[in-house]
Amino acid sequence: MQRDDILSLLRRRPFRPFRVTVSSGDTFDVTHPDLAIASHHFVAIGIPRSLPMPSDFENFAWVTLSQVVHIQRIFREDVDSIPFSED
């Protein structure tokens with residue numbers, strides 16, 4: 001996975017939420033473009049609070065780009081109680 005791949009997903013308008021799966025099997029949902037920051041080797045993914053501010057986060061995970069094995073789009077009906085961006 002390359003930094004530019006993550007950046008293109010974050011910059012897409014309208015934004016489409018996506019799930020990052022890493023080699024350990026852990027997954028991280030990016031439901032708002034402000035919830036992730038990509039560097040050349042890592043992406044910091046914010047773990048969101050609850051509504052009404054889906055772009056606020058209470059914690060974050062450091063994900064090494066070399067350990068990202070899959071990225072998929074997620075839809076509202078796929079996950080319960082995720083605060084999605086309306087951007």
# chains A, B, ... in the order shown; residues from 1 in each chain; ligands from 1
$ residues_around --residues "Ser39 (chain A)" --least-positions-apart "6" --cutoff "10 Å" --atoms "only C-alpha atoms" --output "PyMOL selection string"
chain A and resi 2-4+6-7+64-65
$ write_last_selection --atoms "C-alpha atoms" --output "mmCIF file, in the first residue's frame"
data_model
loop_
_atom_site.group_PDB
_atom_site.id
_atom_site.type_symbol
_atom_site.label_atom_id
_atom_site.label_comp_id
_atom_site.auth_asym_id
_atom_site.auth_seq_id
_atom_site.Cartn_x
_atom_site.Cartn_y
_atom_site.Cartn_z
ATOM 1 C CA GLN A 2 1.298 3.429 -0.930
ATOM 2 C CA ARG A 3 0.710 6.748 0.785
ATOM 3 C CA ASP A 4 -0.827 8.121 -2.423
ATOM 4 C CA ILE A 6 -4.641 6.432 1.040
ATOM 5 C CA LEU A 7 -4.496 10.110 0.107
ATOM 6 C CA THR A 64 2.218 0.665 8.977
ATOM 7 C CA LEU A 65 1.437 0.971 5.264
#
$ residues_around --residues "Ile71 (chain A)" --least-positions-apart "2" --cutoff "9 Å" --atoms "only C-alpha atoms" --output "list in words"
Phe18, Arg19, Val20, Thr21, Val22, Val68, Val69 and Arg73 of chain A
$ atom_distance --atom1 "CA of Ser24 (chain A)" --atom2 "CA of Arg12 (chain A)"
27.3 Å
$ closest_residue --among "A:Ile74, A:Met1, A:Leu9, A:Val30" --to "Phe42 (chain A)" --atoms "only C-alpha atoms"
A:Met1
$ closest_residue --among "A:His70, A:Arg11, A:His32, A:Arg16" --to "Arg49 (chain A)" --atoms "only C-alpha atoms"
A:His32
